[in-house]
Amino acid sequence: MGTIAVVGASLSGLHAAEALRAGAAGAPGYEGEVVVLDASPTLPPDRPPLSKQVLAGEWELAQAKVPLADRLGELDLDLRLGTTATWLGPDGGDGRTLGLDDGTELQVEGVVLATGAAVRHLPGPPLGGVHAIRTGEDAVALCADLDAGPSRVVVVGAGFIGAEAAATCRGRGLEVTMLEAASTPMVRVLPPEVGAFVADLHRDQGVDVRLGTGVERLEAGADGRVRAVHLADGSVVEADVVVVGIGVVPQTGWLEGSGLQLGDGVVCDGTMLAGPRVVACGDVARWPNPHFGEEMRVEHWENAVEQGGHAGRRLLDELAGRPGTPFGPVPWFWSDQYDRKIQLAGRPAATDEFVLVDGTVEERRFAALFRRGDRCTAVLGVNRPRHVMQARMQLAESLAWDAVAARFAPTD
Amino acid sequence: MKVVVNFDLCESNAVCMGIAPEVFEVRDDDFLYVLQEEPGEELRDKVVEAARRCPKQAIVVED
Ligand SMILES: Cc1cc2nc3c(=O)[nH]c(=O)nc-3n(C[C@H](O)[C@H](O)[C@H](O)COP(=O)(O)OP(=O)(O)OC[C@H]3O[C@@H](n4cnc5c(N)ncnc54)[C@H](O)[C@@H]3O)c2cc1C
Ligand code: SF4
């Protein structure tokens, strides 16, 4: 009986492991050994609460559990925490070799790559008081610094995670400055109306939002902790805590030499197969989504769940010599900031037209569709979950603009 | 089949409504309403799928 290795025991890896055991109609579950590895010494937490409930001090870290965590026992996995995969050998015809950091090797007949992404850091040496939010340890360390009552928190980066951190810090009553190098938040990936809304939302709540100014350097005090942030425009913001949210990088460095195609992620086919006997899923996986006719890598919670399951089943197909099925979802994402729930479904681009279909941006409660020619690429809702889900269902059927827009046409 | 939602967990993201609008509805007040607590068997697949996809695992389907 063979072995399958799942590298990464977070959201997508555990859902892949579950699918390996569960199988699918006409495909029995895997009965061999399933080894699940993670570099983290403890089971990784569910990450969305890290910048929300955990950071707010409302939840203990232990409350942020991956949905499957309670059922892991049933899945009969060989879970090896604190173990890092350091290399993957090329396909040997009947299997591959996986190298581990303790110097041992695993002979496996299949591999699931679910190594996610790691945060990007500001250049310069690490300083006390400077934090990212990716792991449970990150969130706990930042919480401790926030509990100490800093006089000002500077958030670097106005993407969704930075914006959530800013909102949560304001919720704790702290003074917050949010810096963004671009002229509008998220303007590289979303139409400018969205970033303008996010900036205004935070200004309403008393955040000092500064756009179009990059960070020049961080200044340390005598205690080795951050004291101030120097900006490219020459201004200086004093801060005792800095939260850096400037994006993530897929963790693929260890896969050089595996024969797999790497390029901002592990490059897969439309079924999530990355190469012989290897599938990938979650934040690390790049694949051509057939529904959009576009290659993408999606850093969203639900994608990790669904793609994890799909990748697990795909690997069963691969080992049984069956062709896989394409993975063509409409990606969906949410972000909670203050009392606003922002949801986005689809695959927008910065140059898409922003078409308001419900509410107004001023009342901070609206739904908008993004249009590219005769296509609707995405829907955005602010406290409009119903609109987002209805549009998402329509987008799953077809991206045709007329059909999605018709759902929001005024009825009389 | 009986549908029970744990409203302490539910965050009104309407994922369930997208899958089974006959049973779940998030209204303009941002609350989730269960339209049919004992939906017919023809809705079982949809309801089970909604329970599976609920990000908060807030939906329980009893037999
Ligand atoms: C603070 C925060 C808030 C978020 N909020 C939202 C939200 O509101 N909505 C939303 O849709 N999404 C949100 N996300 C995104 C979502 O959490 C991610 O998309 C999801 O965690 C991806 O899961 P994954 O399993 O692919 O990767 P990860 O969760 O990154 O897990 C990868 C795992 O692989 C392990 N690993 C990496 N390399 C190796 C190796 N060589 N050997 C062994 N183990 C390795 C890592 O230790 C890690 O545990 C948030 C993310 C963060 C960080
Ligand atoms: S999917 Fe779950 S969390 Fe979302 S509205 Fe339905 S029950 Fe609530």
# chains A, B, ... in the order shown; residues from 1 in each chain; ligands from 1

$ closest_atom_pairs --of "chain A" --to "ligand 1" --cutoff "7 Å" --atoms "only C-alpha atoms and all ligand atoms" --output "tab-separated table"
residue	atom	partner	partner_atom_place_in_ligand_line	distance
A:Val7	CA	ligand 1	43 (C)	5.3
A:Gly8	CA	ligand 1	34 (O)	3.5
A:Ala9	CA	ligand 1	49 (O)	5.6
A:Ser10	CA	ligand 1	25 (O)	4.2
A:Leu11	CA	ligand 1	25 (O)	3.9
A:Ser12	CA	ligand 1	25 (O)	3.7
A:Gly13	CA	ligand 1	25 (O)	5.4
A:Leu37	CA	ligand 1	43 (C)	5.3
A:Asp38	CA	ligand 1	44 (N)	3.5
A:Ala39	CA	ligand 1	44 (N)	4.0
A:Ser40	CA	ligand 1	47 (O)	4.7
A:Pro44	CA	ligand 1	49 (O)	5.1
A:Asp46	CA	ligand 1	17 (O)	6.5
A:Arg47	CA	ligand 1	17 (O)	4.3
A:Pro48	CA	ligand 1	5 (N)	3.4
A:Pro49	CA	ligand 1	3 (C)	6.4
A:Leu50	CA	ligand 1	1 (C)	4.9
A:Ser51	CA	ligand 1	1 (C)	4.6
A:Thr83	CA	ligand 1	43 (C)	5.8
A:Thr84	CA	ligand 1	42 (N)	3.5
A:Ala85	CA	ligand 1	42 (N)	3.9
A:Thr86	CA	ligand 1	41 (N)	5.7
A:Ala114	CA	ligand 1	26 (O)	5.4
A:Thr115	CA	ligand 1	34 (O)	3.5
A:Gly116	CA	ligand 1	27 (O)	3.3
A:Ala117	CA	ligand 1	30 (O)	4.7
A:Ala118	CA	ligand 1	30 (O)	6.6
A:Ile133	CA	ligand 1	1 (C)	5.0
A:Arg134	CA	ligand 1	53 (C)	3.9
A:Thr135	CA	ligand 1	53 (C)	6.8
A:Ile161	CA	ligand 1	3 (C)	5.8
A:Gln251	CA	ligand 1	38 (N)	5.7
A:Trp254	CA	ligand 1	41 (N)	6.2
A:Cys281	CA	ligand 1	26 (O)	6.2
A:Gly282	CA	ligand 1	26 (O)	3.3
A:Asp283	CA	ligand 1	26 (O)	4.0
A:Val284	CA	ligand 1	26 (O)	6.0
A:Glu299	CA	ligand 1	19 (O)	4.1
A:His300	CA	ligand 1	19 (O)	3.7
A:Trp301	CA	ligand 1	11 (O)	3.8
A:Glu302	CA	ligand 1	11 (O)	5.9
A:Asn303	CA	ligand 1	19 (O)	7.0
A:Ala304	CA	ligand 1	23 (O)	5.1
A:Trp332	CA	ligand 1	11 (O)	6.7
A:Phe333	CA	ligand 1	11 (O)	4.0
A:Trp334	CA	ligand 1	9 (N)	4.6
A:Ser335	CA	ligand 1	8 (O)	4.3
A:Asp336	CA	ligand 1	8 (O)	6.5

$ residues_around --residues "Pro55 in chain B" --least-positions-apart "3" --cutoff "9 Å" --atoms "only C-alpha atoms" --output "ChimeraX atom specification"
/A:67,301-302 /B:10-11,13,15,51-52,58

$ write_last_selection --atoms "C-alpha atoms" --output "PDB file, in the first residue's frame"
ATOM      1  CA  PRO A  67     -13.558  23.913  10.021  1.00  0.00           C
ATOM      2  CA  TRP A 301     -10.733  31.247   2.028  1.00  0.00           C
ATOM      3  CA  GLU A 302     -13.489  29.532   0.068  1.00  0.00           C
TER       4      GLU A 302
ATOM      5  CA  CYS B  10     -24.145  32.689  11.223  1.00  0.00           C
ATOM      6  CA  GLU B  11     -22.541  35.813   9.758  1.00  0.00           C
ATOM      7  CA  ASN B  13     -22.905  36.051   4.142  1.00  0.00           C
ATOM      8  CA  VAL B  15     -23.693  31.567   0.748  1.00  0.00           C
ATOM      9  CA  ALA B  51     -24.685  23.178   4.897  1.00  0.00           C
ATOM     10  CA  ARG B  52     -21.403  21.882   3.506  1.00  0.00           C
ATOM     11  CA  ALA B  58     -23.775  27.119  11.030  1.00  0.00           C
TER      12      ALA B  58
END

$ residues_around --residues "Gln36 in chain B" --least-positions-apart "2" --cutoff "10 Å" --atoms "only C-alpha atoms" --output "list in words"
Lys2, Val3, Glu22, Val23, Phe24, Tyr33, Val34, Glu38, Pro39 and Gly40 of chain B

$ closest_residue --among "A:Trp59, A:Met389, A:Ser398, A:Thr177" --to "ligand 2" --atoms "only C-alpha atoms and all ligand atoms"
A:Met389

$ residues_near_ligand --ligand "ligand 2" --cutoff "10 Å" --atoms "only C-alpha atoms and all ligand atoms" --output "MDAnalysis selection string"
(chainID A and resid 385:386) or (chainID B and resid 4:20 24:26 30:34 50:60)

$ atom_distance --atom1 "CA of Asp240 in chain A" --atom2 "CA of Ala139 in chain A"
16.5 Å

$ select_by_dssp --residues "range 2-52 of chain B" --states "strand (DSSP E)" --output "short mmCIF file (atom, residue, chain, number, x, y, z; two decimals) with C-alpha atoms, in the first residue's frame"
data_model
loop_
_atom_site.label_atom_id
_atom_site.label_comp_id
_atom_site.auth_asym_id
_atom_site.auth_seq_id
_atom_site.Cartn_x
_atom_site.Cartn_y
_atom_site.Cartn_z
CA LYS B 2 -35.16 19.48 9.38
CA VAL B 3 -32.93 22.52 8.90
CA VAL B 4 -31.45 24.17 11.97
CA VAL B 5 -29.25 27.25 11.80
CA PHE B 24 -32.56 30.41 3.01
CA GLU B 25 -33.04 34.12 2.60
CA VAL B 26 -30.83 36.98 3.78
CA LEU B 32 -30.83 35.18 7.64
CA TYR B 33 -34.36 33.80 7.56
CA VAL B 34 -35.10 30.12 7.17
#

$ select_by_dssp --residues "chain B" --states "alpha helix (DSSP H)" --output "PDB file with C-alpha atoms, in the first residue's frame"
ATOM      1  CA  VAL B  15     -23.693  31.567   0.748  1.00  0.00           C
ATOM      2  CA  CYS B  16     -26.570  29.244   1.680  1.00  0.00           C
ATOM      3  CA  MET B  17     -29.072  31.497  -0.066  1.00  0.00           C
ATOM      4  CA  GLY B  18     -27.062  31.380  -3.253  1.00  0.00           C
ATOM      5  CA  ILE B  19     -27.330  27.589  -3.233  1.00  0.00           C
ATOM      6  CA  ARG B  44     -32.271  17.741   0.125  1.00  0.00           C
ATOM      7  CA  ASP B  45     -29.273  17.904  -2.221  1.00  0.00           C
ATOM      8  CA  LYS B  46     -29.309  21.686  -2.251  1.00  0.00           C
ATOM      9  CA  VAL B  47     -29.715  21.993   1.500  1.00  0.00           C
ATOM     10  CA  VAL B  48     -26.932  19.514   2.189  1.00  0.00           C
ATOM     11  CA  GLU B  49     -24.700  21.406  -0.239  1.00  0.00           C
ATOM     12  CA  ALA B  50     -25.545  24.700   1.523  1.00  0.00           C
ATOM     13  CA  ALA B  51     -24.685  23.178   4.897  1.00  0.00           C
ATOM     14  CA  ARG B  52     -21.403  21.882   3.506  1.00  0.00           C
ATOM     15  CA  ARG B  53     -20.430  25.211   1.977  1.00  0.00           C
TER      16      ARG B  53
END

$ residues_around --residues "Ala220 in chain A" --least-positions-apart "5" --cutoff "9 Å" --atoms "only C-alpha atoms" --output "PyMOL selection string"
chain A and resi 127-128+225-228

$ write_last_selection --atoms "N, CA and C atoms" --output "PDB file, in the first residue's frame"
ATOM      1  N   LEU A 127      12.462  44.666  13.468  1.00  0.00           N
ATOM      2  CA  LEU A 127      12.419  45.586  14.610  1.00  0.00           C
ATOM      3  C   LEU A 127      11.284  45.169  15.533  1.00  0.00           C
ATOM      4  N   GLY A 128      11.458  45.399  16.823  1.00  0.00           N
ATOM      5  CA  GLY A 128      10.363  45.180  17.761  1.00  0.00           C
ATOM      6  C   GLY A 128       9.199  46.092  17.414  1.00  0.00           C
ATOM      7  N   ARG A 225      13.018  48.994  19.451  1.00  0.00           N
ATOM      8  CA  ARG A 225      11.651  48.921  18.919  1.00  0.00           C
ATOM      9  C   ARG A 225      11.405  50.079  17.966  1.00  0.00           C
ATOM     10  N   VAL A 226      10.408  49.893  17.113  1.00  0.00           N
ATOM     11  CA  VAL A 226      10.113  50.949  16.152  1.00  0.00           C
ATOM     12  C   VAL A 226       9.630  52.207  16.890  1.00  0.00           C
ATOM     13  N   ARG A 227      10.046  53.368  16.393  1.00  0.00           N
ATOM     14  CA  ARG A 227       9.680  54.647  17.004  1.00  0.00           C
ATOM     15  C   ARG A 227       8.879  55.496  16.025  1.00  0.00           C
ATOM     16  N   ALA A 228       9.283  55.412  14.746  1.00  0.00           N
ATOM     17  CA  ALA A 228       8.646  56.268  13.753  1.00  0.00           C
ATOM     18  C   ALA A 228       8.781  55.651  12.366  1.00  0.00           C
TER      19      ALA A 228
END

$ atom_distance --atom1 "CA of Leu72 in chain A" --atom2 "CA of Pro326 in chain A"
27.4 Å

$ closest_residue --among "B:Asp29, B:Leu43, B:Leu35, B:Val61" --to "chain A" --atoms "only C-alpha atoms"
B:Asp29

$ residues_around --residues "range 187-189 of chain A" --least-positions-apart "3" --cutoff "9 Å" --atoms "only C-alpha atoms" --output "list in words"
Ala182, Ser183, Thr184, Pro192, Glu193, Val194, Gly195, Pro348, Ala349, Ala350 and Thr351 of chain A

$ write_last_selection --atoms "C-alpha atoms" --output "tab-separated table (two decimals), in the first residue's frame"
chain	number	residue	atom	x	y	z
A	182	ALA	CA	-0.60	53.81	-4.58
A	183	SER	CA	-2.82	56.81	-5.18
A	184	THR	CA	-5.90	54.69	-4.40
A	192	PRO	CA	-10.63	52.94	-8.47
A	193	GLU	CA	-14.15	53.45	-7.07
A	194	VAL	CA	-13.57	50.52	-4.72
A	195	GLY	CA	-10.34	51.84	-3.24
A	348	PRO	CA	-12.36	41.89	-11.78
A	349	ALA	CA	-9.61	43.97	-13.32
A	350	ALA	CA	-8.63	47.53	-12.52
A	351	THR	CA	-9.86	48.73	-15.90

$ residues_around --residues "range 30-36 of chain A" --least-positions-apart "4" --cutoff "9 Å" --atoms "only C-alpha atoms" --output "list in words"
Met1, Gly2, Thr3, Ile4, Ala5, Val6, Val7, Gly8, Ala9, Gly13, Leu14, Ala17, Ala19, Leu20, Arg21, Ala22, Gly23, Asp76, Leu77, Asp78, Leu79, Arg80, Leu81 and Leu316 of chain A

$ atom_distance --atom1 "CA of Val112 in chain A" --atom2 "CA of Arg277 in chain A"
8.6 Å

$ closest_residue --among "A:Gly95, A:Glu353, A:Val278, A:Gly263" --to "Arg297 in chain A" --atoms "only C-alpha atoms"
A:Gly263
